[in-house]
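K.L.:
Before I ask anything, let me first share the structure, which is written out below as structure tokens.
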Amino acid sequence: MEFKARKIAEFLDGELTGDPEVLVTNVSAIEDGKKGTLSFLSNPKYEKYLYTTRSSVVLINKSLQVSKGIKPVLIRVDDAYKAFAMLLDLYVQNLPEKSGTDKPAFISPTASLGGENYIGAFAFIGENAIIGKGAKIYPQVYIGDNARIGDNTIIYPGVKIYHDCIIGADCIIHSGTVIGSDGFGFAPQQDKSYKKIPQIGNVILEDDVEIGSNVSVDRATMGSTIIRKGSKLDNLIQIAHNVEIGKNSIVTAQAGIAGSSKLGSECMIGAQAGLVGHIQLASGVKVAAQSGVTNNVEKEGTVIMGSPATNFMDNKRSLAVFKNLPDMFQRLNKLEKELNELKKSQSPDEK
Amino acid sequence: MEFKARKIAEFLDGELTGDPEVLVTNVSAIEDGKKGTLSFLSNPKYEKYLYTTRSSVVLINKSLQVSKGIKPVLIRVDDAYKAFAMLLDLYVQNLPEKSGTDKPAFISPTASLGGENYIGAFAFIGENAIIGKGAKIYPQVYIGDNARIGDNTIIYPGVKIYHDCIIGADCIIHSGTVIGSDGFGFAPQQDKSYKKIPQIGNVILEDDVEIGSNVSVDRATMGSTIIRKGSKLDNLIQIAHNVEIGKNSIVTAQAGIAGSSKLGSECMIGAQAGLVGHIQLASGVKVAAQSGVTNNVEKEGTVIMGSPATNFMDNKRSLAVFKNLPDMFQRLNKLEKELNELKKSQSPDEK
Amino acid sequence: MEFKARKIAEFLDGELTGDPEVLVTNVSAIEDGKKGTLSFLSNPKYEKYLYTTRSSVVLINKSLQVSKGIKPVLIRVDDAYKAFAMLLDLYVQNLPEKSGTDKPAFISPTASLGGENYIGAFAFIGENAIIGKGAKIYPQVYIGDNARIGDNTIIYPGVKIYHDCIIGADCIIHSGTVIGSDGFGFAPQQDKSYKKIPQIGNVILEDDVEIGSNVSVDRATMGSTIIRKGSKLDNLIQIAHNVEIGKNSIVTAQAGIAGSSKLGSECMIGAQAGLVGHIQLASGVKVAAQSGVTNNVEKEGTVIMGSPATNFMDNKRSLAVFKNLPDMFQRLNKLEKELNELKKSQSPDEK
């Protein structure tokens, strides 16, 4: 795609300064600008880049006072970030969309397709599976028997969705992610071996859920592992059987949530954090990266940190002292010595 | 599947109270009960749910004294949990089984199939690979050249098993797992680049091993990376080259074991824990979640915790004091001040 | 493959002691030696194995004085490790190589293949994708539209490379790895939901990069996520959008690097370590396993440790004291008590 600066200014209803015929073929961050790219400047902290960028066109806020000579074409708008985001959305919406059915794909005769689908090569769609209208099933995806995929959901290459799992509408699932593998449940036997406990539940993703790449979401032992509407999961995350994640929650990369734990709405779990099983977090709870959560958190909006996790500020204070431990240790030794000397000097007669 | 309560009671040799014609189509946890589901009550802690559940049928222990009016049909048996587990096994055994060979699949002419197999669509079976009797190879699985899969083993969609690896009988491997990728071995060169050290060993899984989804088990540099009989691995686990995991061990999600480390039998590695390379754990050693194990553990059954990991109780005690560090810091400051004042007051003349 | 000891000695220009007709069919570590294997002894620490090994042939340094009767055939060379590595390389170079195109594979008519390629069954190669000369695309790999794969690069089974990503020459990518999935970027909305921020950048891997299995490398929001020449990544690693990893760096298993962080050349990131977003590490910085890096590290070659990470030796010292915390706590209590008693005894009149 290729646009003239003039066209962009007209579209955004912005004021153009510079050559209106300059061509834009891509976007870039202002500090990484190249000829032919469009950038934006919203945060005054980055104003310095306006004078060094090689971007051809930069969107700026009308309120910004520009002090020196500027090379790129400027387009002044009310809110440069919003205008840029609007252009980005437009750009993405105009990317060519996959459609039709590549050959070969394996579609069970009893599966049902809602229409306007893309079914990629080597995709497998099992018995009685239901694929919603406009859903895109990329190459090498596996949709197990009786699984359901909602309207307009995008399943990227190689995702595996086991039988009976239910994916809502407008979801996005990235490559390598596995939905519905068996929960980790084994009964110890007399001879120290383990007997598998059948995992006969499923996984339910509500609408507008996005899941990154190489995530594992296990099916419930009975009932459902549930990720509620609007939640977003990053990459390489472990969601164990019977976990429930509330609406609009965020789980960052490499975090893990053990079996049957429940999160309220709008929780945020930091990267590489872990939650033990069978605990509950109230809505809005935030867990710092690399924390280990071992207990219920009942107060909404609590921020916790550490392994085991405690109140964020308390943990910060303990960590500050942790750095001084060697010094504290020496001071303690010194104090003991001095006190002993003092005691001795006090009672020369008693010895 | 659909059963009348009467049939279930007869099968379990239990005593039925209520309408014997009630229909059961699924199972549920007692607290999640719905019409048409069968639940069990074994732990007296959950007795309250007996009076609120919407399950149609509940299995209870004969020994349980039920105090008030109960809505669901009750079936009294000697051990409600065991009876439930028996029903569950029966249910799972009666699920329809995949069989035959989907088209297209790629089966090398030199591969050998033991019979009674399921080979899913888009599965790849390499040269001289041997697939045991009754083994199920789901869609999009890759079995490399010379690899061997034992009888009745289930390989779920998209698993990749590299050449020369050996999987025992009655194993289960979940989607996204990679067996036999190269170990991480590189020789530093003069120019600061790295030269790959060929990884020409393999991976051996003994019988009855289950591995979750998105696990990485690297092949040995030479010899074999080995997971012994009956061990169970959760999801997203790293097993490096030349690791050995003893019989009936448990490794929980997102744990990692570095190169050449050896675990005895019946070890338990907690979630997100890490072991450095070239160490040995005695049998029955338990490692708490998020621990970092940096040394051999020679005593059987030792429980360790922390990063670096130390004796479990010692670590717990240190963590308890860690919470009080800011308080300790202030007390130490106060003590120093007081002692100084005391010393001053002792020797006014010397100053 | 099968070689006589005599042939190996001739090839290495080494001195043979023992039966020159002994056959070698495989290699092994000296401590795991079996009949028919060739081992080497380089580190004097392992000399004891020379007297117990069951290897048929052992390479040793000419400088080594052998004290007792030895069972295996010995071949004396200048540097046993180098000689062994040479044999290993030779062995690997002589393994049969995959070539040709398995059927079925999906190759877009607009894709271009450089020749001498292997294209495995069920591989998908998208529109305008470019596959370099001698590149090997194993079964079930996905190469998105406009992606480029350099000469002689090996993409193992099931790897997914999203559209527009660029992989250099002589790279190796192992199964389950995903290159170019969307970065984790969402804008919070008034109603507490999140709006996806389009991720329109790509991923660039320079030449000689090796990536293990089940790794996630996200595409940039704008611009590129970059892994520079010669860097090696282990398994199950998270590389977020817009990260840059400098030349010849090492990232160990299960580590994670958050968005826009930049590493210099020759960095080493330990297993399960995490870096927050938007920080920079100077060249040669080493991060210990399980550390959490929260700040820039400006001095080259700094070694850091802990969560939050601090100077390695400082952290070690604090950890040493951490073990003694319960003891310190009691000593502090005792000191306070003694000091109070002392003060009381000092001023009996004042009370």
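Here, A, B, ... name the chains of the structure tokens in the order displayed, residue numbers run from 1 inside each chain, and ligands are numbered from 1 in the same displayed order.
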Near chain B, meaning an atom within 8 Å, which residues of chain C appear when counting only C-alpha atoms? Write them as an NGL selection string.
P.N.:
:C and (27-29 or 32 or 85 or 88-89 or 92 or 103 or 121-122 or 139-140 or 157-158 or 174-176 or 212-214 or 230 or 234-236 or 248 or 253-254 or 266 or 271-272 or 290 or 322-326 or 329 or 332 or 336 or 339 or 343)
K.L.:
Apply DSSP to the structure's backbone, then extract all residues of region 59-308 of chain B labelled strand (DSSP E or B) and return them as JSON, numbers by chain.
P.N.:
{"B": [59, 60, 61, 73, 74, 75, 76, 77, 100, 101, 106, 107, 112, 113, 118, 119, 124, 125, 130, 131, 136, 137, 142, 143, 148, 149, 154, 155, 160, 161, 166, 167, 172, 173, 178, 179, 180, 181, 186, 187, 188, 194, 195, 196, 202, 203, 204, 205, 210, 211, 216, 217, 218, 224, 225, 226, 227, 232, 233, 238, 239, 244, 245, 250, 251, 256, 257, 262, 263, 268, 269, 274, 275, 280, 281, 286, 287, 292, 293, 297, 303, 304, 305]}
K.L.:
So how far away is CA of Gly14 (chain C) from CA of Arg76 (chain C), in Å?
P.N.:
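It comes out at 5.3 Å.
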K.L.:
Give me the least-squares superposed chain B (reference chain A; all C-alpha atoms paired in order) as a tab-separated table (two decimals) with C-alpha atoms, in the first residue's frame.
P.N.:
```tsv
chain	number	residue	atom	x	y	z
B	1	MET	CA	-0.06	0.01	-0.01
B	2	GLU	CA	1.10	3.53	-0.78
B	3	PHE	CA	-0.36	6.85	0.26
B	4	LYS	CA	0.51	10.50	-0.37
B	5	ALA	CA	0.92	12.70	2.72
B	6	ARG	CA	-1.87	14.90	1.33
B	7	LYS	CA	-4.32	11.98	1.35
B	8	ILE	CA	-3.45	11.09	4.93
B	9	ALA	CA	-3.87	14.70	6.08
B	10	GLU	CA	-7.27	14.88	4.38
B	11	PHE	CA	-8.36	11.59	5.92
B	12	LEU	CA	-7.34	12.73	9.40
B	13	ASP	CA	-8.60	16.27	8.89
B	14	GLY	CA	-5.12	17.48	9.88
B	15	GLU	CA	-2.96	20.47	8.93
B	16	LEU	CA	-0.05	19.61	6.66
B	17	THR	CA	3.32	21.37	6.67
B	18	GLY	CA	5.80	20.35	3.93
B	19	ASP	CA	5.57	18.52	0.62
B	20	PRO	CA	2.06	17.06	0.25
B	21	GLU	CA	3.21	14.67	-2.47
B	22	VAL	CA	5.60	12.69	-0.23
B	23	LEU	CA	4.84	8.95	-0.33
B	24	VAL	CA	4.26	6.71	2.71
B	25	THR	CA	4.49	2.92	2.39
B	26	ASN	CA	4.90	1.80	6.00
B	27	VAL	CA	4.81	2.96	9.61
B	28	SER	CA	7.59	3.09	12.19
B	29	ALA	CA	8.42	4.27	15.67
B	30	ILE	CA	9.76	7.82	15.38
B	31	GLU	CA	13.21	6.77	16.65
B	32	ASP	CA	13.43	4.02	14.01
B	33	GLY	CA	12.11	6.19	11.16
B	34	LYS	CA	13.11	5.50	7.57
B	35	LYS	CA	12.29	7.16	4.26
B	36	GLY	CA	8.74	6.24	3.31
B	37	THR	CA	7.50	5.63	6.84
B	38	LEU	CA	4.91	7.49	8.87
B	39	SER	CA	5.45	8.01	12.62
B	40	PHE	CA	3.73	9.85	15.42
B	41	LEU	CA	4.91	11.99	18.32
B	42	SER	CA	2.64	12.06	21.33
B	43	ASN	CA	4.87	11.90	24.42
B	44	PRO	CA	6.85	15.19	24.78
B	45	LYS	CA	9.72	13.04	26.16
B	46	TYR	CA	10.43	11.91	22.63
B	47	GLU	CA	10.31	15.40	21.02
B	48	LYS	CA	14.07	15.24	20.37
B	49	TYR	CA	13.48	12.52	17.79
B	50	LEU	CA	11.41	14.96	15.74
B	51	TYR	CA	14.64	16.72	14.81
B	52	THR	CA	16.60	13.59	13.95
B	53	THR	CA	14.04	11.13	12.56
B	54	ARG	CA	14.27	9.94	8.99
B	55	SER	CA	10.52	9.25	8.83
B	56	SER	CA	8.91	10.95	5.81
B	57	VAL	CA	5.79	12.01	7.69
B	58	VAL	CA	5.15	12.60	11.40
B	59	LEU	CA	1.78	13.09	13.11
B	60	ILE	CA	2.03	15.60	15.98
B	61	ASN	CA	-0.43	17.15	18.40
B	62	LYS	CA	-1.74	20.60	17.42
B	63	SER	CA	-0.72	21.77	20.88
B	64	LEU	CA	2.97	21.01	20.29
B	65	GLN	CA	5.20	24.05	19.76
B	66	VAL	CA	7.89	23.03	17.31
B	67	SER	CA	11.06	25.01	17.89
B	68	LYS	CA	13.45	24.30	15.05
B	69	GLY	CA	13.55	23.33	11.36
B	70	ILE	CA	11.99	19.92	10.79
B	71	LYS	CA	12.81	17.62	7.89
B	72	PRO	CA	9.74	15.35	7.75
B	73	VAL	CA	6.35	16.46	6.57
B	74	LEU	CA	4.22	17.28	9.64
B	75	ILE	CA	0.54	16.59	10.00
B	76	ARG	CA	-1.00	18.35	13.00
B	77	VAL	CA	-4.01	16.64	14.59
B	78	ASP	CA	-5.84	16.89	17.91
B	79	ASP	CA	-4.42	13.64	19.28
B	80	ALA	CA	-1.44	12.20	17.41
B	81	TYR	CA	-1.58	8.82	19.15
B	82	LYS	CA	-5.27	8.28	18.47
B	83	ALA	CA	-4.87	9.36	14.87
B	84	PHE	CA	-2.00	6.95	14.44
B	85	ALA	CA	-3.96	4.10	16.02
B	86	MET	CA	-6.84	4.86	13.65
B	87	LEU	CA	-4.52	4.64	10.65
B	88	LEU	CA	-3.09	1.40	11.99
B	89	ASP	CA	-6.53	-0.15	12.37
B	90	LEU	CA	-7.36	0.95	8.85
B	91	TYR	CA	-4.14	-0.56	7.58
B	92	VAL	CA	-4.79	-3.87	9.29
B	93	GLN	CA	-8.41	-4.01	8.13
B	94	ASN	CA	-7.20	-3.60	4.56
B	95	LEU	CA	-4.64	-6.41	4.69
B	96	PRO	CA	-5.62	-9.23	2.35
B	97	GLU	CA	-7.72	-11.81	4.19
B	98	LYS	CA	-7.37	-15.53	3.84
B	99	SER	CA	-10.47	-17.28	2.57
B	100	GLY	CA	-11.61	-20.51	0.98
B	101	THR	CA	-10.41	-24.00	1.75
B	102	ASP	CA	-6.85	-25.06	0.93
B	103	LYS	CA	-6.39	-28.59	-0.37
B	104	PRO	CA	-5.92	-31.00	1.24
B	105	ALA	CA	-7.75	-30.34	4.50
B	106	PHE	CA	-9.51	-33.02	6.55
B	107	ILE	CA	-13.08	-32.01	7.35
B	108	SER	CA	-15.23	-34.67	8.94
B	109	PRO	CA	-18.51	-35.14	7.05
B	110	THR	CA	-20.38	-34.50	10.31
B	111	ALA	CA	-18.59	-31.18	10.99
B	112	SER	CA	-20.49	-27.98	10.26
B	113	LEU	CA	-18.98	-24.79	8.83
B	114	GLY	CA	-20.76	-21.46	9.32
B	115	GLY	CA	-19.65	-19.97	6.02
B	116	GLU	CA	-17.16	-17.30	4.96
B	117	ASN	CA	-14.43	-19.45	6.54
B	118	TYR	CA	-10.80	-19.97	5.78
B	119	ILE	CA	-9.71	-23.56	6.24
B	120	GLY	CA	-5.96	-23.90	5.73
B	121	ALA	CA	-4.09	-26.83	4.25
B	122	PHE	CA	-3.60	-29.86	6.49
B	123	ALA	CA	-6.15	-28.60	9.01
B	124	PHE	CA	-8.15	-31.34	10.74
B	125	ILE	CA	-11.75	-30.78	11.77
B	126	GLY	CA	-13.26	-33.65	13.73
B	127	GLU	CA	-16.67	-35.22	13.99
B	128	ASN	CA	-19.59	-32.95	14.90
B	129	ALA	CA	-17.24	-29.98	15.27
B	130	ILE	CA	-18.93	-26.64	14.68
B	131	ILE	CA	-16.99	-23.78	13.06
B	132	GLY	CA	-18.66	-20.38	13.34
B	133	LYS	CA	-19.30	-17.93	10.53
B	134	GLY	CA	-16.22	-16.07	9.39
B	135	ALA	CA	-13.89	-18.15	11.58
B	136	LYS	CA	-10.41	-18.69	10.17
B	137	ILE	CA	-8.74	-22.04	10.74
B	138	TYR	CA	-5.12	-21.78	9.60
B	139	PRO	CA	-3.02	-24.63	8.22
B	140	GLN	CA	-2.17	-27.62	10.42
B	141	VAL	CA	-4.75	-26.75	13.08
B	142	TYR	CA	-6.49	-29.62	14.88
B	143	ILE	CA	-10.11	-29.22	16.00
B	144	GLY	CA	-11.21	-32.31	17.92
B	145	ASP	CA	-14.57	-34.05	17.83
B	146	ASN	CA	-17.52	-32.01	19.13
B	147	ALA	CA	-15.39	-28.89	19.58
B	148	ARG	CA	-17.00	-25.54	18.81
B	149	ILE	CA	-15.34	-22.42	17.40
B	150	GLY	CA	-17.22	-19.12	17.59
B	151	ASP	CA	-17.88	-16.61	14.83
B	152	ASN	CA	-14.93	-14.64	13.48
B	153	THR	CA	-12.46	-16.40	15.71
B	154	ILE	CA	-8.93	-16.81	14.33
B	155	ILE	CA	-7.03	-20.02	15.04
B	156	TYR	CA	-3.42	-19.65	13.88
B	157	PRO	CA	-1.30	-22.44	12.34
B	158	GLY	CA	-0.78	-25.57	14.36
B	159	VAL	CA	-3.08	-24.83	17.30
B	160	LYS	CA	-4.52	-28.01	18.84
B	161	ILE	CA	-8.02	-27.94	20.31
B	162	TYR	CA	-9.05	-31.21	21.90
B	163	HIS	CA	-12.51	-32.75	21.70
B	164	ASP	CA	-15.51	-31.10	23.37
B	165	CYS	CA	-13.78	-27.74	23.98
B	166	ILE	CA	-15.70	-24.54	23.32
B	167	ILE	CA	-14.08	-21.39	21.94
B	168	GLY	CA	-16.16	-18.20	21.87
B	169	ALA	CA	-16.59	-15.58	19.16
B	170	ASP	CA	-13.92	-13.05	18.19
B	171	CYS	CA	-11.18	-14.99	19.90
B	172	ILE	CA	-7.59	-15.23	18.66
B	173	ILE	CA	-5.36	-18.22	19.45
B	174	HIS	CA	-1.72	-18.24	18.38
B	175	SER	CA	0.42	-21.07	17.07
B	176	GLY	CA	1.63	-23.84	19.31
B	177	THR	CA	-1.13	-23.37	21.87
B	178	VAL	CA	-2.92	-26.48	23.17
B	179	ILE	CA	-6.47	-26.25	24.49
B	180	GLY	CA	-7.95	-29.19	26.32
B	181	SER	CA	-5.05	-31.55	26.99
B	182	ASP	CA	-5.59	-33.73	30.05
B	183	GLY	CA	-5.34	-32.17	33.49
B	184	PHE	CA	-2.48	-33.48	35.63
B	185	GLY	CA	-4.30	-35.89	37.89
B	186	PHE	CA	-2.96	-39.19	39.19
B	187	ALA	CA	-3.86	-41.33	42.18
B	188	PRO	CA	-0.86	-42.79	44.04
B	189	GLN	CA	-0.99	-46.58	44.35
B	190	GLN	CA	0.34	-48.97	46.99
B	191	ASP	CA	3.27	-49.98	44.78
B	192	LYS	CA	4.32	-46.29	44.39
B	193	SER	CA	3.04	-46.16	40.81
B	194	TYR	CA	0.35	-43.68	39.75
B	195	LYS	CA	-3.04	-44.40	38.23
B	196	LYS	CA	-4.40	-41.85	35.79
B	197	ILE	CA	-7.58	-40.08	36.89
B	198	PRO	CA	-9.73	-39.65	33.78
B	199	GLN	CA	-10.08	-36.01	32.74
B	200	ILE	CA	-13.55	-35.89	31.24
B	201	GLY	CA	-14.33	-32.18	31.47
B	202	ASN	CA	-13.54	-29.57	28.83
B	203	VAL	CA	-12.23	-26.01	28.33
B	204	ILE	CA	-14.45	-23.01	27.69
B	205	LEU	CA	-13.09	-19.75	26.29
B	206	GLU	CA	-15.69	-17.00	26.29
B	207	ASP	CA	-15.79	-14.28	23.62
B	208	ASP	CA	-12.94	-11.84	22.90
B	209	VAL	CA	-10.28	-13.96	24.53
B	210	GLU	CA	-6.78	-13.80	23.00
B	211	ILE	CA	-4.19	-16.45	23.79
B	212	GLY	CA	-0.55	-16.20	22.74
B	213	SER	CA	1.72	-18.92	21.42
B	214	ASN	CA	2.74	-22.19	23.12
B	215	VAL	CA	0.20	-21.86	25.92
B	216	SER	CA	-1.23	-24.96	27.64
B	217	VAL	CA	-4.83	-24.88	28.89
B	218	ASP	CA	-5.79	-28.21	30.42
B	219	ARG	CA	-9.32	-29.62	30.32
B	220	ALA	CA	-11.17	-30.01	33.63
B	221	THR	CA	-11.29	-33.29	35.52
B	222	MET	CA	-15.04	-32.79	35.53
B	223	GLY	CA	-16.84	-29.61	34.51
B	224	SER	CA	-14.88	-26.89	32.72
B	225	THR	CA	-11.67	-24.91	32.81
B	226	ILE	CA	-12.95	-21.41	32.01
B	227	ILE	CA	-11.39	-18.22	30.66
B	228	ARG	CA	-13.95	-15.47	30.73
B	229	LYS	CA	-14.81	-12.77	28.22
B	230	GLY	CA	-12.12	-10.32	27.22
B	231	SER	CA	-9.19	-11.92	29.04
B	232	LYS	CA	-5.80	-11.84	27.34
B	233	LEU	CA	-3.05	-14.42	27.83
B	234	ASP	CA	0.54	-14.00	26.68
B	235	ASN	CA	2.88	-16.85	25.59
B	236	LEU	CA	4.04	-20.07	27.30
B	237	ILE	CA	1.47	-19.96	30.10
B	238	GLN	CA	0.23	-22.94	32.10
B	239	ILE	CA	-3.48	-23.04	32.95
B	240	ALA	CA	-4.25	-26.22	34.89
B	241	HIS	CA	-7.50	-28.16	35.11
B	242	ASN	CA	-10.58	-26.49	36.55
B	243	VAL	CA	-8.97	-23.05	36.73
B	244	GLU	CA	-11.29	-20.09	36.19
B	245	ILE	CA	-10.01	-16.72	34.99
B	246	GLY	CA	-12.41	-13.81	35.40
B	247	LYS	CA	-13.39	-11.24	32.78
B	248	ASN	CA	-10.82	-8.86	31.30
B	249	SER	CA	-7.90	-10.38	33.16
B	250	ILE	CA	-4.31	-10.26	31.93
B	251	VAL	CA	-1.86	-13.14	32.33
B	252	THR	CA	1.69	-12.38	31.24
B	253	ALA	CA	4.24	-14.71	29.68
B	254	GLN	CA	5.39	-17.91	31.41
B	255	ALA	CA	3.02	-17.50	34.36
B	256	GLY	CA	1.35	-20.62	35.71
B	257	ILE	CA	-1.93	-21.21	37.56
B	258	ALA	CA	-2.35	-24.54	39.31
B	259	GLY	CA	-5.48	-26.64	39.49
B	260	SER	CA	-8.89	-25.30	40.57
B	261	SER	CA	-7.67	-21.78	41.39
B	262	LYS	CA	-10.10	-18.99	40.56
B	263	LEU	CA	-9.32	-15.41	39.55
B	264	GLY	CA	-11.84	-12.59	39.73
B	265	SER	CA	-12.34	-10.02	37.00
B	266	GLU	CA	-9.60	-7.63	35.90
B	267	CYS	CA	-6.79	-9.49	37.62
B	268	MET	CA	-3.24	-9.02	36.35
B	269	ILE	CA	-0.72	-11.84	36.74
B	270	GLY	CA	2.90	-10.85	36.10
B	271	ALA	CA	5.38	-12.79	33.99
B	272	GLN	CA	6.79	-16.04	35.43
B	273	ALA	CA	4.51	-15.77	38.46
B	274	GLY	CA	2.93	-18.91	39.85
B	275	LEU	CA	-0.28	-19.58	41.76
B	276	VAL	CA	-0.73	-22.76	43.78
B	277	GLY	CA	-3.90	-24.75	43.35
B	278	HIS	CA	-7.27	-24.26	45.06
B	279	ILE	CA	-6.89	-20.56	45.89
B	280	GLN	CA	-9.00	-17.57	44.97
B	281	LEU	CA	-8.01	-14.05	43.99
B	282	ALA	CA	-10.54	-11.23	44.33
B	283	SER	CA	-11.21	-8.98	41.36
B	284	GLY	CA	-8.51	-6.53	40.39
B	285	VAL	CA	-5.74	-8.34	42.24
B	286	LYS	CA	-2.29	-7.70	40.76
B	287	VAL	CA	0.55	-10.18	41.16
B	288	ALA	CA	4.10	-8.96	40.45
B	289	ALA	CA	6.35	-10.87	38.07
B	290	GLN	CA	8.06	-14.02	39.46
B	291	SER	CA	5.84	-14.05	42.54
B	292	GLY	CA	4.58	-17.27	44.10
B	293	VAL	CA	1.02	-16.95	45.39
B	294	THR	CA	0.17	-19.47	48.09
B	295	ASN	CA	-2.98	-18.08	49.68
B	296	ASN	CA	-6.35	-16.56	48.91
B	297	VAL	CA	-6.38	-12.82	48.33
B	298	GLU	CA	-9.74	-11.56	49.49
B	299	LYS	CA	-9.45	-7.79	49.17
B	300	GLU	CA	-10.14	-6.42	45.70
B	301	GLY	CA	-7.31	-4.63	44.00
B	302	THR	CA	-4.60	-5.91	46.36
B	303	VAL	CA	-1.10	-5.81	44.88
B	304	ILE	CA	1.17	-8.66	45.96
B	305	MET	CA	4.76	-9.63	45.36
B	306	GLY	CA	7.41	-12.16	46.33
B	307	SER	CA	7.64	-15.91	46.76
B	308	PRO	CA	5.69	-16.56	48.92
B	309	ALA	CA	3.79	-13.44	47.89
B	310	THR	CA	2.92	-10.81	50.46
B	311	ASN	CA	1.71	-7.22	50.32
B	312	PHE	CA	3.66	-5.37	47.61
B	313	MET	CA	5.04	-2.53	49.76
B	314	ASP	CA	5.96	-4.85	52.65
B	315	ASN	CA	7.84	-7.06	50.24
B	316	LYS	CA	9.65	-4.09	48.73
B	317	ARG	CA	10.73	-2.99	52.22
B	318	SER	CA	12.01	-6.45	53.10
B	319	LEU	CA	13.90	-6.61	49.81
B	320	ALA	CA	15.51	-3.26	50.53
B	321	VAL	CA	16.81	-4.62	53.85
B	322	PHE	CA	17.85	-7.90	52.15
B	323	LYS	CA	20.48	-5.95	50.25
B	324	ASN	CA	21.91	-4.73	53.55
B	325	LEU	CA	21.97	-8.13	55.24
B	326	PRO	CA	25.77	-8.58	55.17
B	327	ASP	CA	26.14	-5.14	56.75
B	328	MET	CA	23.46	-5.90	59.35
B	329	PHE	CA	25.18	-9.16	60.16
B	330	GLN	CA	28.44	-7.40	60.93
B	331	ARG	CA	26.74	-4.69	62.95
B	332	LEU	CA	25.00	-7.38	64.98
B	333	ASN	CA	28.32	-9.12	65.63
B	334	LYS	CA	29.86	-5.81	66.68
B	335	LEU	CA	26.97	-4.97	68.98
B	336	GLU	CA	27.21	-8.31	70.74
B	337	LYS	CA	30.91	-7.85	71.27
B	338	GLU	CA	30.52	-4.32	72.57
B	339	LEU	CA	27.72	-5.26	74.88
B	340	ASN	CA	29.75	-8.13	76.28
B	341	GLU	CA	32.68	-5.83	76.89
B	342	LEU	CA	30.42	-3.32	78.53
B	343	LYS	CA	28.97	-5.97	80.80
B	344	LYS	CA	32.42	-7.18	81.71
B	345	SER	CA	33.60	-3.68	82.52
B	346	GLN	CA	30.51	-3.24	84.68
B	347	SER	CA	31.16	-6.18	86.90
B	348	PRO	CA	34.91	-6.74	87.24
B	349	ASP	CA	34.44	-8.10	90.75
B	350	GLU	CA	32.05	-10.84	89.82
B	351	LYS	CA	34.65	-12.59	87.68
```
K.L.:
Looking only at the backbone, which of the residues in region 217-342 of chain A does DSSP tag as alpha helix (DSSP H), as a PyMOL selection string?
P.N.:
chain A and resi 312-323+325-342
